[in-house]
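Structure first, commentary second.
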Amino acid sequence: MALDISGPDMEASTQGWLKTITRVKVINDFVAQGYGLLTLDHATETRELLPGSLQRMNMDPKGPKACVGAGTGLGECYLTTSTLLLPEQQVGYECYASEGGHVDYAPQSNLEVELWQFLKKKFNAPHRVSVERVVSGKGLANVYEFLSQRFPERIQPDIHQQFLQAGDMQGAVVGMNASQDETSLCHQAMQLMIRAYGSEVGNAAIKFIPTGGMYVSGGLTPKNISFIEGANSTFLKAYHDKGRVKTLLDTIPLFAVMVEDLGLRGAHVCAKQVTLFHFLCKHVDRLAYIEMRAQNSFIHHVLLCFASLMYLFDQTLFTFNCTCSGTQEHAKVTCIHDHLRYSTSVV
């Protein structure tokens with residue numbers, strides 16, 4: 001849901017499917033994106049925007065992560081490590097919502113000052129303009145609209161007519177034509193948007209110092225990667241243009257996300273975490289008693305294995321026959337249910 005989440009209420013469904021859900025956690029759409037980062041295959045689903053980013057990220061496996069993504073709007077979130085009831089065991093990340101896409105747009109050239117003034121007038125904003133008004137699909141359309149009024153002699157009639165008739169897809173028209181002619185208004189609009197994009201990602205990197213990874217996601221990123229990657233790209237020049245703290249950004253792993261299904265992936269991750277948390281809360285006394293009786297790390301590993309398996313099921317509906325095996329360093333739990341065998345292990 002692309003809104004601030006507060007309170008427990010949800011609109012009732014007329015389809016009746018909500019009756020089958022026993023536990024619900026409503027999350028911001030970009031929180032789902034943040035959890036989706038945890039599923040990425042960096043080798044095939046990301047691009048290193050700074051050489052050596054993957055190596056630097058692996059040097060701090062518990063470092064905070066941050067994500068900025070432009071699509072329909074501009075979303076931002078950050079993640080920190082979570083210990084989830086078991087402080088001695090690292091079990092993942094917790095993602096936190098942000099409304100960073102609504103911070104002030106900061107023009108940095110005379111032309112951008114004119115753009116800022118145009119946007120203030122267009123949106124009846126006497127004092128400020130949100131960066132999302134520039135860095136998003138709709139923002140790209142705003143920038144083109146400004147340039148077409150500022151430089152009417154450079155309008156390409158066919159493209160401009162497509163733009164006027166595109167409705168909510170005006171940004172897509174600009175994006176599709178941005179690479180065809182470097183002298184065109186579409187190309188200039190893209191460069192202005194990308195410069196603001198890189199600047200805002202750099203702002204987030206300075207604020208969060210995400211040694212676990214700074215990720216650039218959203219639909220606009222893979223579609224316009226040619227404007228983003230490369231040491232001399234407008235994006236990276238703006239990203240590094242941070243004055244006295246410029247060198248700090250060289251230490252932060254920076255990735256472009258090349259897939260667009262992070263939200264769905266993240267919702268799945270979050271659902272599993274909610275179920276695991278519920279299970280641990282329900283059984284924490286029993287688990288603590290068993291571990292106290294055992295007084296060794298093997299049983300603790302077994303319990304984590306068991307918990308990680310149980311969140312795949314509704315533990316109030318299933319009864320499992322479980323066997324445990326392993327050593328002090330490795331534990332394995334095998335559960336048999338309805339003649340099917342499930343195994344999980346922790347090293």
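Ordering of the structure tokens sets the chain letters (A, B, ...), residue numbers begin anew at 1 in every chain, and ligands are numbered from 1 in the order given.
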
Residues at most 6 Å from Tyr93 in chain A, counting only C-alpha atoms, excluding those fewer than 4 positions away in the same chain, as an mmCIF file with C-alpha atoms, in the first residue's frame?
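Output (result.cif):
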data_model
loop_
_atom_site.group_PDB
_atom_site.id
_atom_site.type_symbol
_atom_site.label_atom_id
_atom_site.label_comp_id
_atom_site.auth_asym_id
_atom_site.auth_seq_id
_atom_site.Cartn_x
_atom_site.Cartn_y
_atom_site.Cartn_z
ATOM 1 C CA THR A 80 18.817 -2.803 10.002
ATOM 2 C CA THR A 81 19.668 -6.203 11.400
ATOM 3 C CA SER A 82 17.171 -7.876 13.726
#

If you run DSSP on this backbone, which residues of range 122-292 of chain A come out as strand (DSSP E or B), and could you give them as a list in words?
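Residues of range 122-292 of chain A classed as strand (DSSP E or B): Ser130, Met214, Tyr215, Val216, Ser217, Leu254, Phe255, Ala256 and Val257 of chain A.
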
Those same residues, written as a short mmCIF file (atom, residue, chain, number, x, y, z; two decimals), in the first residue's frame with N, CA and C atoms?
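As written to disk, out-v5.cif reads:
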data_model
loop_
_atom_site.label_atom_id
_atom_site.label_comp_id
_atom_site.auth_asym_id
_atom_site.auth_seq_id
_atom_site.Cartn_x
_atom_site.Cartn_y
_atom_site.Cartn_z
N SER A 130 8.58 18.97 -3.91
CA SER A 130 9.12 17.67 -3.54
C SER A 130 9.99 17.10 -4.65
N MET A 214 23.67 0.07 -0.76
CA MET A 214 22.77 1.13 -1.19
C MET A 214 22.19 0.67 -2.53
N TYR A 215 20.87 0.50 -2.58
CA TYR A 215 20.23 -0.09 -3.75
C TYR A 215 19.38 0.95 -4.47
N VAL A 216 19.47 0.95 -5.81
CA VAL A 216 18.67 1.83 -6.66
C VAL A 216 17.68 0.94 -7.40
N SER A 217 16.41 1.04 -7.03
CA SER A 217 15.41 0.13 -7.57
C SER A 217 14.34 0.91 -8.32
N LEU A 254 27.18 0.07 -3.92
CA LEU A 254 26.10 0.71 -4.67
C LEU A 254 25.65 -0.22 -5.79
N PHE A 255 24.36 -0.56 -5.81
CA PHE A 255 23.83 -1.50 -6.78
C PHE A 255 22.60 -0.94 -7.47
N ALA A 256 22.46 -1.25 -8.75
CA ALA A 256 21.21 -1.02 -9.48
C ALA A 256 20.45 -2.33 -9.52
N VAL A 257 19.18 -2.30 -9.15
CA VAL A 257 18.34 -3.50 -9.15
C VAL A 257 17.69 -3.63 -10.53
#

Using only C-alpha atoms, find the one residue out of A:Val129, A:Ser136, A:Ile252, A:Ala267 that sits nearest to Asp60 in chain A.
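Distance minimum relative to Asp60 in chain A lands on A:Ile252.
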
Tell me which protein, DNA and RNA residues are within 9 Å of Ala238 in chain A, counting only C-alpha atoms, leaving out same-chain ones fewer than 2 positions away, and put them as number ranges by chain.
A: 194-202, 233-236, 240-242

Just the selected residues (all heavy atoms), exported as a short mmCIF file (atom, residue, chain, number, x, y, z; two decimals), in the first residue's frame, please.
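The result, written out as out-v6.cif:
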data_model
loop_
_atom_site.label_atom_id
_atom_site.label_comp_id
_atom_site.auth_asym_id
_atom_site.auth_seq_id
_atom_site.Cartn_x
_atom_site.Cartn_y
_atom_site.Cartn_z
N ILE A 194 17.62 12.28 -14.25
CA ILE A 194 18.65 11.36 -13.77
C ILE A 194 19.64 12.08 -12.84
O ILE A 194 20.11 11.51 -11.85
CB ILE A 194 19.40 10.73 -14.96
CG1 ILE A 194 18.49 9.72 -15.67
CG2 ILE A 194 20.69 10.06 -14.51
CD1 ILE A 194 18.16 8.48 -14.87
N ARG A 195 19.95 13.33 -13.14
CA ARG A 195 20.85 14.07 -12.26
C ARG A 195 20.23 14.23 -10.88
O ARG A 195 20.89 14.02 -9.85
CB ARG A 195 21.16 15.45 -12.85
CG ARG A 195 22.38 16.12 -12.20
CD ARG A 195 22.23 17.61 -12.11
NE ARG A 195 21.15 17.98 -11.21
CZ ARG A 195 21.23 17.94 -9.87
NH1 ARG A 195 22.34 17.54 -9.28
NH2 ARG A 195 20.21 18.29 -9.13
N ALA A 196 18.95 14.55 -10.83
CA ALA A 196 18.27 14.67 -9.54
C ALA A 196 18.16 13.32 -8.84
O ALA A 196 18.24 13.24 -7.61
CB ALA A 196 16.88 15.29 -9.74
N TYR A 197 17.99 12.26 -9.61
CA TYR A 197 17.92 10.90 -9.07
C TYR A 197 19.24 10.54 -8.38
O TYR A 197 19.27 10.09 -7.23
CB TYR A 197 17.62 9.94 -10.22
CG TYR A 197 17.11 8.57 -9.85
CD1 TYR A 197 16.87 8.18 -8.54
CD2 TYR A 197 16.85 7.63 -10.87
CE1 TYR A 197 16.38 6.92 -8.24
CE2 TYR A 197 16.37 6.37 -10.58
CZ TYR A 197 16.15 6.02 -9.26
OH TYR A 197 15.66 4.76 -8.97
N GLY A 198 20.34 10.73 -9.09
CA GLY A 198 21.64 10.43 -8.52
C GLY A 198 21.94 11.25 -7.28
O GLY A 198 22.50 10.75 -6.29
N SER A 199 21.53 12.51 -7.30
CA SER A 199 21.75 13.38 -6.15
C SER A 199 20.98 12.88 -4.93
O SER A 199 21.51 12.85 -3.81
CB SER A 199 21.33 14.81 -6.49
OG SER A 199 21.55 15.67 -5.41
N GLU A 200 19.74 12.46 -5.13
CA GLU A 200 18.92 11.99 -4.00
C GLU A 200 19.44 10.65 -3.46
O GLU A 200 19.42 10.42 -2.26
CB GLU A 200 17.46 11.87 -4.42
CG GLU A 200 16.53 11.40 -3.31
CD GLU A 200 16.58 12.24 -2.04
OE1 GLU A 200 16.94 13.45 -2.13
OE2 GLU A 200 16.26 11.71 -0.96
N VAL A 201 19.90 9.76 -4.34
CA VAL A 201 20.50 8.51 -3.87
C VAL A 201 21.75 8.82 -3.05
O VAL A 201 21.99 8.21 -2.00
CB VAL A 201 20.83 7.58 -5.05
CG1 VAL A 201 21.61 6.36 -4.58
CG2 VAL A 201 19.54 7.13 -5.74
N GLY A 202 22.55 9.78 -3.49
CA GLY A 202 23.71 10.19 -2.71
C GLY A 202 23.32 10.77 -1.36
O GLY A 202 23.98 10.52 -0.35
N SER A 233 28.63 8.75 -16.03
CA SER A 233 27.19 8.96 -16.19
C SER A 233 26.74 10.17 -15.37
O SER A 233 27.32 10.52 -14.35
CB SER A 233 26.41 7.72 -15.76
OG SER A 233 26.49 7.55 -14.35
N THR A 234 25.67 10.78 -15.85
CA THR A 234 25.08 11.91 -15.12
C THR A 234 24.69 11.48 -13.71
O THR A 234 24.86 12.24 -12.75
CB THR A 234 23.85 12.44 -15.88
OG1 THR A 234 24.25 12.87 -17.18
CG2 THR A 234 23.21 13.60 -15.14
N PHE A 235 24.16 10.27 -13.58
CA PHE A 235 23.72 9.76 -12.29
C PHE A 235 24.88 9.70 -11.29
O PHE A 235 24.78 10.23 -10.17
CB PHE A 235 23.12 8.36 -12.48
CG PHE A 235 22.61 7.74 -11.21
CD1 PHE A 235 21.28 7.87 -10.84
CD2 PHE A 235 23.45 7.00 -10.38
CE1 PHE A 235 20.80 7.28 -9.67
CE2 PHE A 235 22.98 6.41 -9.22
CZ PHE A 235 21.66 6.56 -8.86
N LEU A 236 25.97 9.06 -11.67
CA LEU A 236 27.07 8.87 -10.73
C LEU A 236 27.82 10.17 -10.44
O LEU A 236 28.33 10.37 -9.34
CB LEU A 236 28.03 7.80 -11.24
CG LEU A 236 27.52 6.37 -11.08
CD1 LEU A 236 28.53 5.37 -11.64
CD2 LEU A 236 27.24 6.04 -9.62
N HIS A 240 28.10 11.49 -6.51
CA HIS A 240 29.36 11.79 -5.83
C HIS A 240 29.54 13.27 -5.52
O HIS A 240 30.47 13.63 -4.81
CB HIS A 240 30.54 11.32 -6.68
CG HIS A 240 30.81 9.85 -6.59
ND1 HIS A 240 30.56 8.97 -7.62
CD2 HIS A 240 31.30 9.10 -5.57
CE1 HIS A 240 30.89 7.75 -7.24
NE2 HIS A 240 31.34 7.79 -6.01
N ASP A 241 28.67 14.11 -6.03
CA ASP A 241 28.85 15.55 -5.86
C ASP A 241 28.38 15.98 -4.47
O ASP A 241 27.36 16.65 -4.31
CB ASP A 241 28.08 16.30 -6.95
CG ASP A 241 28.39 17.79 -6.97
OD1 ASP A 241 29.36 18.21 -6.30
OD2 ASP A 241 27.65 18.54 -7.63
N LYS A 242 29.16 15.62 -3.45
CA LYS A 242 28.76 15.87 -2.06
C LYS A 242 29.84 16.60 -1.26
O LYS A 242 29.92 16.49 -0.05
CB LYS A 242 28.44 14.53 -1.36
CG LYS A 242 27.30 13.76 -2.01
CD LYS A 242 26.01 14.57 -2.06
CE LYS A 242 24.91 13.83 -2.80
NZ LYS A 242 23.71 14.65 -3.00
#

Suppose you want the space between CA of Leu40 in chain A and CA of Gly63 in chain A; what is it in Å?
16.2 Å

Hey, can you check how far CA of Thr211 in chain A sits from CA of Lys62 in chain A?
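Distance reported for this atom pair: 8.4 Å.
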
Nearest residue to Val24 in chain A out of A:Val135, A:Tyr144, A:Leu37, A:Thr275, using only C-alpha atoms?
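That would be A:Thr275, the residue with the smallest distance to Val24 in chain A.
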
Would you kindly return, as a count of residues only, each protein, DNA or RNA residue with an atom no farther than 10 Å from any atom of Leu54 in chain A, considering only C-alpha atoms and excluding same-chain residues fewer than 6 positions away?
10

Nearest candidate to Phe30 in chain A (options A:Gln170, A:Thr72, A:Asn142, A:Ser53; using only C-alpha atoms):
A:Thr72

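Proximity of A:Ile206, A:Met193, A:Val174, A:Leu79 to Pro107 in chain A, computed with only C-alpha atoms, is greatest for A:Met193.
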
Extract, using only C-alpha atoms, all DNA, RNA and protein residues at most 9 Å from Gly100 in chain A, discarding same-chain residues fewer than 5 positions from it, and format them as a PyMOL selection string.
chain A and resi 68+74-77+131+204

Students should find that CA of Val274 in chain A and CA of Gly71 in chain A are spaced 27.6 Å

Please report, as number ranges by chain, each residue of range 45-269 of chain A to which DSSP assigns alpha helix (DSSP H) when run on this structure's backbone.
A: 45, 53-59, 110-122, 137-150, 157-165, 170-177, 185-208, 220-223, 225-228, 234-240, 246-249, 262-269

May I have the residues within 7 Å of Gly266 in chain A as a PyMOL selection string, using only C-alpha atoms and disregarding those fewer than 5 positions away in the same chain?
chain A and resi 32-36

Can you tell me which residues surround Leu248 in chain A at a distance of at most 9 Å, considering only C-alpha atoms, apart from same-chain residues fewer than 2 positions away, and format the answer as a ChimeraX atom specification?
/A:205-206,209,244-246,250-252

Distance criterion (only C-alpha atoms): nearest to Asn28 in chain A out of A:Leu49, A:Tyr239, A:Glu99, A:Ile225:
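Residue with the minimum atom-to-atom distance to Asn28 in chain A: A:Glu99.
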